$ cat work-v8.cif   # mmCIF, C-alpha atoms and all ligand atoms
data_structure
#
loop_
_atom_site.label_atom_id
_atom_site.label_comp_id
_atom_site.auth_asym_id
_atom_site.auth_seq_id
_atom_site.Cartn_x
_atom_site.Cartn_y
_atom_site.Cartn_z
CA MET A 23 32.92 200.19 -35.83
CA LEU A 24 32.29 197.80 -38.71
CA ASN A 25 34.42 199.98 -40.96
CA LYS A 26 37.29 199.77 -38.51
CA LEU A 27 36.95 195.98 -38.28
CA TYR A 28 36.92 195.76 -42.07
CA ASP A 29 40.00 197.97 -42.36
CA TRP A 30 41.81 195.90 -39.76
CA VAL A 31 41.23 192.69 -41.72
CA ASP A 32 41.81 194.35 -45.09
CA GLU A 33 45.15 195.80 -43.98
CA ARG A 34 46.36 192.29 -43.21
CA LEU A 35 44.69 190.19 -45.91
CA ASP A 36 43.92 192.64 -48.71
CA ILE A 37 40.38 191.30 -49.11
CA THR A 38 39.03 194.18 -51.19
CA PRO A 39 40.13 192.76 -54.58
CA ILE A 40 38.55 189.41 -53.66
CA TRP A 41 35.02 190.66 -53.16
CA ARG A 42 35.37 193.35 -55.83
CA ASP A 43 36.11 190.62 -58.30
CA ILE A 44 32.92 188.80 -57.25
CA ALA A 45 30.60 191.77 -56.81
CA ASP A 46 31.74 194.30 -59.41
CA HIS A 47 30.40 193.26 -62.75
CA GLU A 48 28.51 194.89 -65.50
CA VAL A 49 24.72 194.66 -65.63
CA PRO A 50 24.02 195.32 -69.31
CA GLU A 51 21.10 197.55 -70.18
CA HIS A 52 19.07 194.77 -71.81
CA VAL A 53 18.90 192.77 -68.54
CA ASN A 54 18.09 195.75 -66.29
CA PRO A 55 14.36 196.07 -65.51
CA ALA A 56 14.90 199.78 -64.77
CA HIS A 57 15.54 200.28 -68.48
CA HIS A 58 13.13 197.80 -70.02
CA PHE A 59 10.56 196.42 -67.63
CA SER A 60 10.32 193.18 -69.60
CA ALA A 61 13.88 192.47 -68.49
CA PHE A 62 12.43 191.17 -65.22
CA VAL A 63 12.57 187.73 -66.83
CA TYR A 64 16.32 187.85 -66.17
CA CYS A 65 15.57 187.80 -62.43
CA PHE A 66 14.31 184.23 -62.33
CA GLY A 67 17.80 182.73 -61.98
CA GLY A 68 18.51 184.90 -58.96
CA LEU A 69 15.08 184.14 -57.52
CA THR A 70 15.74 180.41 -57.90
CA PHE A 71 18.95 180.89 -55.95
CA PHE A 72 17.16 182.96 -53.29
CA VAL A 73 14.46 180.33 -52.73
CA THR A 74 17.13 177.61 -52.68
CA VAL A 75 18.90 179.47 -49.89
CA ILE A 76 15.60 179.57 -47.97
CA GLN A 77 15.14 175.82 -48.55
CA ILE A 78 18.62 175.03 -47.27
CA LEU A 79 18.26 177.27 -44.20
CA SER A 80 14.74 176.18 -43.24
CA GLY A 81 15.66 172.53 -43.94
CA MET A 82 18.67 172.75 -41.62
CA PHE A 83 16.46 174.09 -38.87
CA LEU A 84 13.77 171.45 -39.46
CA THR A 85 16.33 168.68 -38.91
CA MET A 86 16.73 169.93 -35.32
CA TYR A 87 13.35 168.34 -34.56
CA TYR A 88 12.67 165.90 -37.38
CA VAL A 89 13.42 162.16 -36.96
CA PRO A 90 13.56 159.85 -39.99
CA ASP A 91 11.98 156.85 -38.29
CA VAL A 92 8.64 155.21 -39.07
CA GLU A 93 7.51 155.31 -35.44
CA ASN A 94 8.39 158.92 -34.79
CA ALA A 95 8.58 160.83 -38.07
CA TRP A 96 4.95 161.91 -38.19
CA ASN A 97 4.89 162.71 -34.47
CA SER A 98 8.06 164.79 -34.70
CA VAL A 99 6.63 166.79 -37.61
CA TYR A 100 3.37 167.24 -35.68
CA TYR A 101 5.35 168.37 -32.65
CA LEU A 102 7.59 170.80 -34.51
CA GLN A 103 4.61 172.32 -36.30
CA ASN A 104 2.23 172.63 -33.35
CA GLU A 105 4.33 172.79 -30.18
CA VAL A 106 7.49 174.63 -31.16
CA ALA A 107 7.40 178.42 -31.49
CA PHE A 108 7.31 179.48 -35.16
CA GLY A 109 7.21 175.83 -36.19
CA GLU A 110 4.32 176.49 -38.50
CA ILE A 111 6.30 179.29 -40.14
CA VAL A 112 9.55 177.36 -40.54
CA ARG A 113 7.80 174.27 -41.89
CA GLY A 114 5.63 176.53 -44.03
CA MET A 115 8.71 178.18 -45.54
CA HIS A 116 10.10 174.77 -46.48
CA HIS A 117 6.76 173.39 -47.67
CA TRP A 118 5.78 176.33 -49.92
CA GLY A 119 9.37 177.07 -50.89
CA ALA A 120 9.67 173.55 -52.29
CA SER A 121 6.99 174.30 -54.87
CA LEU A 122 8.19 177.84 -55.45
CA VAL A 123 11.76 176.77 -56.22
CA ILE A 124 10.45 174.45 -58.95
CA VAL A 125 8.27 177.22 -60.41
CA MET A 126 11.26 179.58 -60.39
CA ILE A 127 13.70 177.16 -61.97
CA PHE A 128 11.11 176.39 -64.64
CA LEU A 129 10.60 180.08 -65.46
CA HIS A 130 14.37 180.57 -65.49
CA THR A 131 14.70 177.70 -67.94
CA LEU A 132 12.02 179.22 -70.17
CA ARG A 133 13.86 182.55 -70.16
CA VAL A 134 17.12 180.89 -71.15
CA PHE A 135 15.32 178.96 -73.87
CA PHE A 136 13.47 181.89 -75.40
CA THR A 137 16.47 184.22 -75.32
CA GLY A 138 18.52 181.50 -77.01
CA SER A 139 21.10 181.76 -74.23
CA TYR A 140 21.88 178.04 -74.41
CA LYS A 141 23.68 178.49 -77.75
CA LYS A 142 27.43 178.43 -78.24
CA PRO A 143 29.47 179.09 -76.09
CA ARG A 144 26.99 178.36 -73.25
CA GLU A 145 26.05 174.73 -74.05
CA LEU A 146 27.85 173.41 -70.98
CA ASN A 147 25.96 175.71 -68.67
CA TRP A 148 22.67 174.55 -70.18
CA MET A 149 23.69 170.97 -69.33
CA VAL A 150 24.57 171.91 -65.77
CA GLY A 151 21.22 173.69 -65.59
CA VAL A 152 19.38 170.55 -66.66
CA MET A 153 21.20 168.61 -63.95
CA LEU A 154 20.23 171.29 -61.42
CA PHE A 155 16.63 170.91 -62.51
CA GLY A 156 16.89 167.14 -61.94
CA VAL A 157 18.47 167.60 -58.50
CA ILE A 158 15.75 170.01 -57.42
CA LEU A 159 13.00 167.67 -58.63
CA GLY A 160 14.80 164.90 -56.70
CA LEU A 161 14.78 167.05 -53.56
CA GLY A 162 11.07 167.64 -54.00
CA PHE A 163 10.41 163.91 -54.47
CA THR A 164 12.51 162.68 -51.54
CA GLY A 165 11.36 165.48 -49.22
CA TYR A 166 7.72 164.73 -49.86
CA LEU A 167 7.96 161.33 -48.13
CA LEU A 168 9.50 162.72 -44.95
CA PRO A 169 6.32 163.88 -43.10
CA TRP A 170 5.29 160.19 -43.28
CA ASP A 171 1.57 160.75 -43.60
CA MET A 172 -0.81 158.99 -45.99
CA LYS A 173 -0.29 161.51 -48.77
CA ALA A 174 3.48 161.12 -48.47
CA LEU A 175 3.26 157.34 -48.46
CA PHE A 176 1.07 156.98 -51.53
CA ALA A 177 2.83 159.72 -53.49
CA THR A 178 6.08 157.84 -52.96
CA LYS A 179 4.47 154.49 -53.86
CA VAL A 180 3.35 155.99 -57.16
CA GLY A 181 6.74 157.60 -57.76
CA ILE A 182 8.61 154.39 -57.08
CA GLU A 183 6.27 152.40 -59.34
CA ILE A 184 6.89 154.90 -62.13
CA ALA A 185 10.63 154.43 -61.65
CA ALA A 186 10.08 150.65 -61.66
CA SER A 187 8.49 150.86 -65.12
CA VAL A 188 11.88 151.66 -66.67
CA PRO A 189 12.79 148.74 -69.00
CA VAL A 190 15.28 146.12 -67.74
CA ILE A 191 16.72 148.01 -64.74
CA GLY A 192 13.40 149.29 -63.38
CA GLU A 193 13.18 146.65 -60.67
CA TYR A 194 16.69 147.48 -59.43
CA ILE A 195 15.93 151.19 -59.32
CA LYS A 196 12.88 150.37 -57.25
CA ILE A 197 14.82 148.26 -54.75
CA LEU A 198 17.58 150.86 -54.50
CA LEU A 199 15.07 153.63 -53.85
CA ALA A 200 12.85 151.73 -51.43
CA GLY A 201 15.60 149.73 -49.72
CA ASP A 202 13.44 146.60 -49.98
CA ASP A 203 11.84 144.68 -52.85
CA THR A 204 8.30 144.79 -51.47
CA ILE A 205 8.04 147.06 -48.44
CA LEU A 206 7.89 150.82 -48.61
CA GLY A 207 8.82 151.41 -45.00
CA ALA A 208 11.60 151.95 -42.48
CA GLN A 209 14.44 151.64 -44.96
CA THR A 210 12.72 153.81 -47.54
CA LEU A 211 12.33 156.61 -45.04
CA THR A 212 15.96 156.58 -43.87
CA ARG A 213 17.20 156.42 -47.47
CA PHE A 214 15.02 159.24 -48.62
CA PHE A 215 16.13 161.28 -45.62
CA ALA A 216 19.82 160.71 -46.35
CA ILE A 217 19.32 161.53 -50.03
CA HIS A 218 17.22 164.58 -49.18
CA VAL A 219 19.50 166.21 -46.62
CA PHE A 220 23.00 165.03 -47.60
CA PHE A 221 23.45 163.65 -51.10
CA LEU A 222 21.26 165.96 -53.18
CA PRO A 223 22.13 169.19 -51.31
CA ALA A 224 25.83 168.35 -51.81
CA ALA A 225 25.22 167.82 -55.54
CA LEU A 226 23.14 170.99 -55.61
CA LEU A 227 25.91 173.11 -54.10
CA GLY A 228 28.54 171.68 -56.45
CA LEU A 229 26.41 172.23 -59.53
CA MET A 230 25.44 175.74 -58.46
CA GLY A 231 29.12 176.55 -58.01
CA ALA A 232 29.87 175.34 -61.54
CA HIS A 233 26.84 177.25 -62.88
CA PHE A 234 27.94 180.54 -61.35
CA ILE A 235 31.63 180.21 -62.27
CA MET A 236 30.62 179.65 -65.88
CA ILE A 237 28.31 182.67 -65.82
CA ARG A 238 31.14 184.87 -64.51
CA LYS A 239 33.50 183.52 -67.11
CA GLN A 240 31.13 183.97 -70.08
CA GLY A 241 29.05 186.92 -68.95
CA ILE A 242 25.34 187.25 -69.56
CA SER A 243 24.16 186.57 -73.11
CA GLY A 244 23.54 189.50 -75.42
CA PRO A 245 20.23 191.17 -76.33
CA LEU A 246 17.84 189.58 -78.78
CA MET B 30 21.26 219.39 -41.74
CA SER B 31 22.11 221.52 -44.76
CA ASN B 32 25.88 221.37 -44.30
CA ASN B 33 25.71 217.59 -43.90
CA ARG B 34 23.93 216.56 -47.04
CA VAL B 35 23.24 212.95 -47.73
CA SER B 36 24.54 212.04 -51.12
CA ARG B 37 22.46 210.07 -53.57
CA ARG B 38 24.88 207.17 -53.17
CA GLN B 39 24.62 207.20 -49.34
CA PHE B 40 20.84 207.45 -49.47
CA LEU B 41 20.62 204.46 -51.78
CA SER B 42 23.05 202.38 -49.77
CA TYR B 43 21.20 203.11 -46.50
CA THR B 44 17.84 202.26 -48.04
CA ILE B 45 19.13 199.06 -49.55
CA MET B 46 20.80 198.03 -46.31
CA GLY B 47 17.67 198.89 -44.34
CA VAL B 48 15.23 197.06 -46.59
CA GLY B 49 17.65 194.18 -47.10
CA GLY B 50 18.25 193.89 -43.36
CA PHE B 51 14.52 193.88 -42.70
CA MET B 52 13.92 191.17 -45.28
CA ALA B 53 16.85 189.07 -44.10
CA SER B 54 15.76 189.26 -40.47
CA SER B 55 12.17 188.37 -41.31
CA LEU B 56 13.59 185.19 -42.81
CA VAL B 57 16.14 184.39 -40.14
CA LEU B 58 14.39 185.45 -36.92
CA PRO B 59 11.57 182.86 -37.09
CA MET B 60 14.17 180.14 -37.63
CA VAL B 61 16.27 181.35 -34.72
CA ARG B 62 13.24 181.51 -32.42
CA PHE B 63 12.32 177.99 -33.60
CA ALA B 64 15.80 176.73 -32.74
CA VAL B 65 16.03 178.30 -29.28
CA ASP B 66 12.53 177.20 -28.27
CA PRO B 67 13.72 174.47 -25.85
CA ALA B 68 15.47 177.13 -23.76
CA LEU B 69 12.28 179.20 -23.55
CA GLN B 70 9.73 176.48 -22.74
CA VAL B 71 8.10 177.04 -19.36
CA GLU B 72 8.13 174.03 -17.10
CA GLY B 73 4.90 172.93 -15.47
CA ASP B 74 4.70 172.22 -11.75
CA SER B 75 5.63 168.65 -11.01
CA ASP B 76 3.01 166.53 -9.31
CA PHE B 77 3.57 164.24 -6.37
CA ILE B 78 4.25 160.64 -7.32
CA VAL B 79 2.95 158.05 -4.87
CA THR B 80 5.49 155.24 -4.38
CA ASP B 81 4.96 151.63 -3.21
CA GLN B 82 6.81 152.38 0.00
CA LEU B 83 4.83 152.15 3.27
CA VAL B 84 5.94 154.98 5.51
CA SER B 85 5.55 152.72 8.55
CA GLU B 86 8.33 150.49 7.19
CA LEU B 87 10.89 153.29 6.96
CA THR B 88 13.72 153.27 9.49
CA GLU B 89 16.70 155.41 10.33
CA GLU B 90 18.67 153.49 7.69
CA PRO B 91 18.47 155.00 4.15
CA ILE B 92 16.87 152.65 1.64
CA ARG B 93 16.47 152.95 -2.09
CA VAL B 94 12.88 153.69 -3.12
CA SER B 95 12.22 153.34 -6.84
CA PHE B 96 9.34 155.12 -8.48
CA SER B 97 8.09 155.21 -12.04
CA TYR B 98 6.33 157.87 -13.98
CA GLU B 99 5.35 158.69 -17.51
CA GLN B 100 7.88 161.04 -19.03
CA GLN B 101 6.79 163.26 -21.91
CA ASP B 102 9.88 164.05 -23.97
CA ALA B 103 8.67 166.13 -26.94
CA TRP B 104 7.01 163.53 -29.23
CA TYR B 105 8.26 160.58 -27.20
CA THR B 106 6.43 159.27 -24.15
CA SER B 107 8.03 156.61 -21.99
CA GLU B 108 7.92 155.05 -18.57
CA VAL B 109 10.95 156.20 -16.60
CA THR B 110 12.16 154.76 -13.29
CA ASN B 111 14.10 156.89 -10.82
CA ASP B 112 15.32 156.35 -7.27
CA ALA B 113 15.36 158.24 -4.01
CA TRP B 114 17.29 157.46 -0.81
CA VAL B 115 14.75 157.58 2.00
CA TYR B 116 15.02 157.34 5.79
CA LYS B 117 13.45 158.67 8.95
CA ALA B 118 15.10 161.24 11.18
CA GLY B 119 12.86 161.21 14.23
CA ASP B 120 9.40 161.90 12.83
CA GLU B 121 10.66 163.55 9.72
CA ILE B 122 11.00 161.68 6.42
CA ILE B 123 14.12 162.56 4.47
CA ALA B 124 14.27 161.67 0.76
CA LEU B 125 17.53 162.49 -1.01
CA SER B 126 18.17 162.57 -4.73
CA PRO B 127 20.75 160.00 -5.87
CA VAL B 128 22.23 162.38 -8.44
CA CYS B 129 25.82 163.25 -7.49
CA LYS B 130 26.43 167.00 -7.28
CA HIS B 131 29.84 166.59 -8.85
CA LEU B 132 29.04 165.51 -12.41
CA GLY B 133 25.76 163.65 -12.15
CA CYS B 134 26.57 159.98 -11.51
CA THR B 135 24.41 157.96 -9.11
CA VAL B 136 25.33 157.69 -5.45
CA GLN B 137 24.71 154.67 -3.17
CA TRP B 138 24.29 154.44 0.57
CA GLU B 139 27.38 152.65 1.82
CA GLY B 140 28.41 152.18 -1.78
CA SER B 141 31.99 151.65 -0.65
CA ALA B 142 32.96 149.21 2.08
CA ASP B 143 35.66 151.65 3.17
CA PHE B 144 33.17 154.36 4.05
CA PRO B 145 30.32 153.09 6.22
CA ASN B 146 27.45 155.47 7.01
CA GLN B 147 28.09 157.57 3.95
CA PHE B 148 26.74 157.99 0.43
CA PHE B 149 29.39 157.06 -2.09
CA CYS B 150 29.73 157.98 -5.75
CA PRO B 151 31.82 155.51 -7.77
CA CYS B 152 32.69 157.89 -10.59
CA HIS B 153 35.27 160.02 -8.77
CA ASN B 154 34.92 158.78 -5.19
CA GLY B 155 32.60 161.57 -4.11
CA ARG B 156 31.16 161.13 -0.60
CA TYR B 157 28.27 162.57 1.43
CA GLU B 158 27.08 162.29 4.99
CA LYS B 159 23.71 160.77 5.80
CA ASN B 160 21.97 164.18 5.63
CA GLY B 161 23.40 164.65 2.16
CA ASN B 162 26.16 167.06 3.11
CA ASN B 163 29.17 166.64 0.86
CA ILE B 164 32.38 165.67 2.57
CA PRO B 165 35.10 168.29 2.08
CA GLY B 166 38.08 167.03 0.13
CA THR B 167 35.92 164.89 -2.16
CA PRO B 168 34.89 166.20 -5.61
CA PRO B 169 31.23 167.25 -5.04
CA LEU B 170 30.77 170.96 -4.41
CA GLY B 171 27.40 170.86 -2.66
CA PRO B 172 24.99 168.64 -0.72
CA LEU B 173 22.65 166.13 -2.38
CA ASP B 174 19.31 167.54 -3.56
CA GLN B 175 16.21 166.67 -1.60
CA PHE B 176 12.65 165.66 -2.50
CA VAL B 177 9.64 167.36 -1.02
CA VAL B 178 7.70 164.47 0.59
CA GLU B 179 4.11 163.75 1.58
CA VAL B 180 2.35 160.80 3.13
CA ARG B 181 -0.69 159.58 1.17
CA ASP B 182 -2.77 156.82 2.78
CA GLY B 183 0.31 155.57 4.58
CA TYR B 184 2.41 155.52 1.43
CA LEU B 185 5.37 157.76 0.63
CA ALA B 186 4.76 160.36 -2.07
CA LEU B 187 7.64 162.26 -3.68
CA GLY B 188 7.30 165.80 -5.04
CA GLU B 189 9.64 168.33 -6.49
CA VAL B 190 13.42 168.04 -6.14
CA LYS B 191 14.86 171.05 -4.32
CA PRO B 192 18.29 172.07 -3.08
CA ASN B 193 18.99 170.27 0.18
CA PHE B 194 17.01 171.97 2.96
CA ILE B 195 18.18 170.05 6.06
CA VAL B 196 21.92 170.68 5.81
CA SER B 197 22.60 174.01 7.45
C1 LIG A 301 15.92 172.93 -53.16
C2 LIG A 301 16.00 172.30 -52.03
C3 LIG A 301 14.89 171.52 -51.32
C4 LIG A 301 13.62 171.15 -51.73
C5 LIG A 301 12.97 171.43 -53.07
C6 LIG A 301 13.01 170.42 -50.62
C7 LIG A 301 11.71 169.87 -50.63
C8 LIG A 301 11.06 169.30 -49.54
C9 LIG A 301 9.67 168.88 -49.50
C10 LIG A 301 8.68 168.91 -50.68
C11 LIG A 301 9.40 168.42 -48.25
C12 LIG A 301 8.05 167.94 -47.69
C13 LIG A 301 7.50 169.13 -46.90
C14 LIG A 301 6.05 169.03 -46.53
O1 LIG A 301 5.32 168.29 -47.17
O2 LIG A 301 5.68 169.74 -45.57
C15 LIG A 301 10.62 168.50 -47.49
C16 LIG A 301 10.76 168.12 -46.15
C17 LIG A 301 11.93 168.17 -45.43
N1 LIG A 301 13.15 168.70 -45.86
FE1 LIG A 301 13.51 169.52 -47.70
N2 LIG A 301 13.90 170.35 -49.58
C18 LIG A 301 15.07 171.00 -49.97
C19 LIG A 301 16.22 171.13 -49.23
C20 LIG A 301 16.41 170.61 -47.92
C21 LIG A 301 17.65 170.67 -47.19
C22 LIG A 301 18.96 171.28 -47.71
C23 LIG A 301 17.41 170.06 -45.96
C24 LIG A 301 18.33 169.83 -44.75
C25 LIG A 301 19.60 170.03 -44.70
C26 LIG A 301 16.02 169.64 -45.94
C27 LIG A 301 15.38 169.01 -44.86
C28 LIG A 301 14.06 168.59 -44.82
C29 LIG A 301 13.41 167.97 -43.69
C30 LIG A 301 14.06 167.65 -42.33
C31 LIG A 301 12.08 167.71 -44.07
C32 LIG A 301 10.99 167.03 -43.20
C33 LIG A 301 10.16 168.02 -42.41
C34 LIG A 301 8.85 168.39 -43.08
O3 LIG A 301 8.31 167.56 -43.82
O4 LIG A 301 8.36 169.50 -42.84
N3 LIG A 301 15.45 169.98 -47.14
N4 LIG A 301 11.62 169.05 -48.29
S1 LIG A 302 30.21 162.39 -10.49
FE1 LIG A 302 30.10 161.74 -8.44
S2 LIG A 302 32.13 162.06 -7.82
FE2 LIG A 302 32.21 162.79 -9.87
#
$ encode --input "work-v8.cif" --output "C-alpha cells"
Amino acid sequence: MLNKLYDWVDERLDITPIWRDIADHEVPEHVNPAHHFSAFVYCFGGLTFFVTVIQILSGMFLTMYYVPDVENAWNSVYYLQNEVAFGEIVRGMHHWGASLVIVMIFLHTLRVFFTGSYKKPRELNWMVGVMLFGVILGLGFTGYLLPWDMKALFATKVGIEIAASVPVIGEYIKILLAGDDTILGAQTLTRFFAIHVFFLPAALLGLMGAHFIMIRKQGISGPL
Amino acid sequence: MSNNRVSRRQFLSYTIMGVGGFMASSLVLPMVRFAVDPALQVEGDSDFIVTDQLVSELTEEPIRVSFSYEQQDAWYTSEVTNDAWVYKAGDEIIALSPVCKHLGCTVQWEGSADFPNQFFCPCHNGRYEKNGNNIPGTPPLGPLDQFVVEVRDGYLALGEVKPNFIVS
C-alpha cells in the first residue's frame, strides 16, 4: 500500500534522487561505534538534535494549555500538569529535556574540540555552533520563567541582574529583557514567552539548517 | 518458510522500523493524548440552580429569568449569568433555553413587533412558537431546548438543559 503510494508520487515528481541525496552518505569507519566503540562520542550532535526535536514538539503541545499572564500562568501550568491526561509526562519531557539538551550540546562541543574538528575548513561551522549554544541557553533561561512560581521569579531576577552588570549598556539590556525599569512582572512574562516560543526557536531552526548544510558540504572531519 | 527466506537486509529494515516506530510512538502518543484530552473529559451531572423567581408570580406570558452560577473553565473560575424563558401552561412550568437552534444566537419573546406571540431570533430572523417549536420556513431546524425545572421553597430551580420535551 505504502509502496504503491510512494511509486505514484515518485512517477510524477521523481522524488527518489531528492531523499537519496539527503540520506545516502558515507559513515566513515572512525565515526562508527560498531568499529570502534569510542566513536560513540560522534553521536552527541545527533542526540542534541533528537532532544531538540522533543523540546519543540512537547513545547508546541504545552502551549495548548499554557497562558503567559501573571494571573493565570501558574494556574494553567498546575492545571495542565495535574488535570490533563499525560500532562505530567508532556511537561516532564520538556522540563527534563531542557537540561538534557544543554548536556548534549556541551558534550558535542567537547567532542568537536578534542577531535580538532573546528580547524580549517570548518571554522564557520564552529561559529554557528557557538551561536546554537547561545540560543539553547537563551531558551533555557526564558523558559524557566514561564511556570511563574517563586523559583522561576527569583532565578529570572538573578539572571536579569547579571545582565544588568554589563558596563554602559547593562541598564538597557535589563529594561529590554524585563519590559520595565523596576518591575519584573506582566511585561517580563509576555516578553519571555514571545522570545521562548517564537524568536529563539526561529533562530534555532535557521542556525540548525546552516549547521547541517555545512556538514553535508564538508563531510565529517577525518580520524585523529 | 524455507522458500521465503528473509534476507539480512529485510530483517534489519524490519527491526529498525519496528524499534523506531515503537520509540517514535512512545514520544508522540502521550502528546496526542494530552492534546485530545478536552474531547475525552467526562462531564459531571449538573446541579439545580435556584433562581430569584417566585413560582407564584409566573403567568402564561413567557418572562426572562436570569440566573448566575460559578463556571469552572479549566484554570479560570468566573460568575456567569444565563437566561431562561419561563411561563406557566396550566399547572406545568415551562422553561425554554434562549439559545437559537439555528446557529446559537439568543432569542427573545416577541423580539420582533411583526411577530407577536412568538420567540424571535435577530440573527437570521428565526422564529419559534410559544412551546418552542420552530416555525417552518425560518432558519432553525429544531425546537428550542428545555430546562428540567423544580420548585424549591416556592422559588424556581433550573436543572439540566434537554431537547424540547413538550413539542410533539
Ligand atoms: C531547545 C529548545 C527549548 C528549551 C531548552 C526549552 C526550555 C524550557 C524550560 C527550562 C522551561 C521551564 C520548564 C519547567 O520548569 O517545567 C520551558 C517551559 C516552556 N516552554 Fe520551552 N524550551 C525549548 C523549546 C520550546 C519551544 C519550541 C516551545 C513552543 C513552541 C516551548 C514552549 C514552552 C512553554 C509553553 C513552557 C511553559 C510550560 C512549562 O513551564 O511547563 N519551548 N522551556
Ligand atoms: S442564529 Fe438564530 S436564526 Fe440564525
$ atom_distance --input "work-v8.cif" --atom1 "CA of Phe59 (chain A)" --atom2 "CA of Leu129 (chain A)"
16.5 Å
$ residues_around --input "work-v8.cif" --residues "Pro245 (chain A)" --least-positions-apart "6" --cutoff "12 Å" --atoms "only C-alpha atoms" --output "list of chain:residue names"
A:Pro50, A:Glu51, A:His52, A:Val53, A:Asn54, A:His58, A:Ala61, A:Tyr64, A:Val134, A:Phe136, A:Thr137, A:Gly138, A:Ser139
$ closest_atom_pairs --input "work-v8.cif" --of "chain A" --to "ligand LIG 301 (chain A)" --cutoff "6 Å" --atoms "all atoms listed in the file" --output "tab-separated table"
residue	atom	partner	partner_atom	distance
A:Thr74	CA	A:LIG301	C1	4.9
A:Gln77	CA	A:LIG301	C19	4.9
A:Ile78	CA	A:LIG301	C22	3.8
A:Gly81	CA	A:LIG301	C26	3.5
A:Met82	CA	A:LIG301	C25	4.2
A:Leu84	CA	A:LIG301	C30	4.8
A:Thr85	CA	A:LIG301	C30	4.2
A:Tyr88	CA	A:LIG301	C30	5.4
A:Arg113	CA	A:LIG301	O4	4.9
A:His117	CA	A:LIG301	O2	4.3
A:Ala120	CA	A:LIG301	C5	4.0
A:Ile158	CA	A:LIG301	C1	5.2
A:Leu161	CA	A:LIG301	C4	4.6
A:Gly162	CA	A:LIG301	C7	4.1
A:Gly165	CA	A:LIG301	C15	3.6
A:Tyr166	CA	A:LIG301	C12	3.9
A:Leu168	CA	A:LIG301	C32	4.9
A:Pro169	CA	A:LIG301	O3	4.2
A:Val219	CA	A:LIG301	C24	4.2
A:Pro223	CA	A:LIG301	C22	5.2
$ atom_distance --input "work-v8.cif" --atom1 "CA of Phe71 (chain A)" --atom2 "CA of Ser54 (chain B)"
17.9 Å
$ residues_near_ligand --input "work-v8.cif" --ligand "ligand LIG 302 (chain A)" --cutoff "7 Å" --atoms "only C-alpha atoms and all ligand atoms" --output "list of chain:residue names"
B:Cys129, B:Lys130, B:His131, B:Leu132, B:Gly133, B:Cys134, B:Thr135, B:Val136, B:Cys150, B:Pro151, B:Cys152, B:His153, B:Asn154, B:Gly155, B:Pro168, B:Pro169
$ closest_atom_pairs --input "work-v8.cif" --of "chain A" --to "chain B" --cutoff "8 Å" --atoms "only C-alpha atoms" --output "Markdown table"
| residue | atom | partner | partner_atom | distance |
| --- | --- | --- | --- | --- |
| A:Ile76 | CA | B:Leu56 | CA | 7.9 |
| A:Ser80 | CA | B:Met60 | CA | 6.9 |
| A:Phe83 | CA | B:Met60 | CA | 6.6 |
| A:Met86 | CA | B:Ala64 | CA | 7.3 |
| A:Asn94 | CA | B:Trp104 | CA | 7.4 |
| A:Asn97 | CA | B:Trp104 | CA | 5.7 |
| A:Ser98 | CA | B:Trp104 | CA | 5.7 |
| A:Tyr101 | CA | B:Trp104 | CA | 6.2 |
| A:Val106 | CA | B:Asp66 | CA | 6.4 |
| A:Ala107 | CA | B:Phe63 | CA | 5.4 |
| A:Phe108 | CA | B:Phe63 | CA | 5.5 |
| A:Gly109 | CA | B:Phe63 | CA | 6.1 |
| A:Ile111 | CA | B:Pro59 | CA | 7.1 |
| A:Val112 | CA | B:Met60 | CA | 6.1 |
$ atom_distance --input "work-v8.cif" --atom1 "CA of Gln147 (chain B)" --atom2 "CA of Leu185 (chain B)"
23.0 Å
$ residues_near_point --input "work-v8.cif" --point "(25.6, 155.7, 3.1)" --cutoff "9 Å" --atoms "all atoms listed in the file" --output "number ranges by chain"
B: 90-91, 136-141, 144-149, 156-159
$ axis_aligned_box --input "work-v8.cif" --around "region 236-241 of chain A" --padding-each-side "5 Å" --output "lines of an AutoDock Vina configuration file"
center_x = 30.9
center_y = 183.3
center_z = -67.3
size_x = 15.2
size_y = 17.3
size_z = 15.6
$ residues_near_point --input "work-v8.cif" --point "(15.4, 183.1, -52.4)" --cutoff "12 Å" --atoms "only C-alpha atoms" --output "PyMOL selection string"
(chain A and resi 65-80+115-116+119-120+122-124+126-127) or (chain B and resi 52-53+56)
$ closest_residue --input "work-v8.cif" --among "B:Ile45, B:Ile164, B:Val128, B:Val79" --to "Val190 (chain B)" --atoms "all atoms listed in the file"
B:Val128
$ closest_residue --input "work-v8.cif" --among "A:Ile242, A:Ala216, A:Leu24, A:Leu226" --to "Leu159 (chain A)" --atoms "all atoms listed in the file"
A:Leu226
$ residues_around --input "work-v8.cif" --residues "Ile92 (chain B)" --least-positions-apart "2" --cutoff "12 Å" --atoms "all atoms listed in the file" --output "PyMOL selection string"
chain B and resi 82+84+86-90+94-95+112-117+122-127+137-139+148+159
$ closest_residue --input "work-v8.cif" --among "B:Gly73, B:Ala68, B:Phe96, B:Ile195" --to "Glu121 (chain B)" --atoms "only C-alpha atoms"
B:Ile195
$ residues_around --input "work-v8.cif" --residues "Leu198 (chain A)" --least-positions-apart "2" --cutoff "12 Å" --atoms "all atoms listed in the file" --output "list in words"
Ile182, Ala185, Ala186, Ile191, Gly192, Glu193, Tyr194, Ile195, Lys196, Ala200, Gly201, Asp202, Asp203, Thr204, Ile205, Leu206, Gln209, Thr210, Arg213, Phe214 and Ile217 of chain A
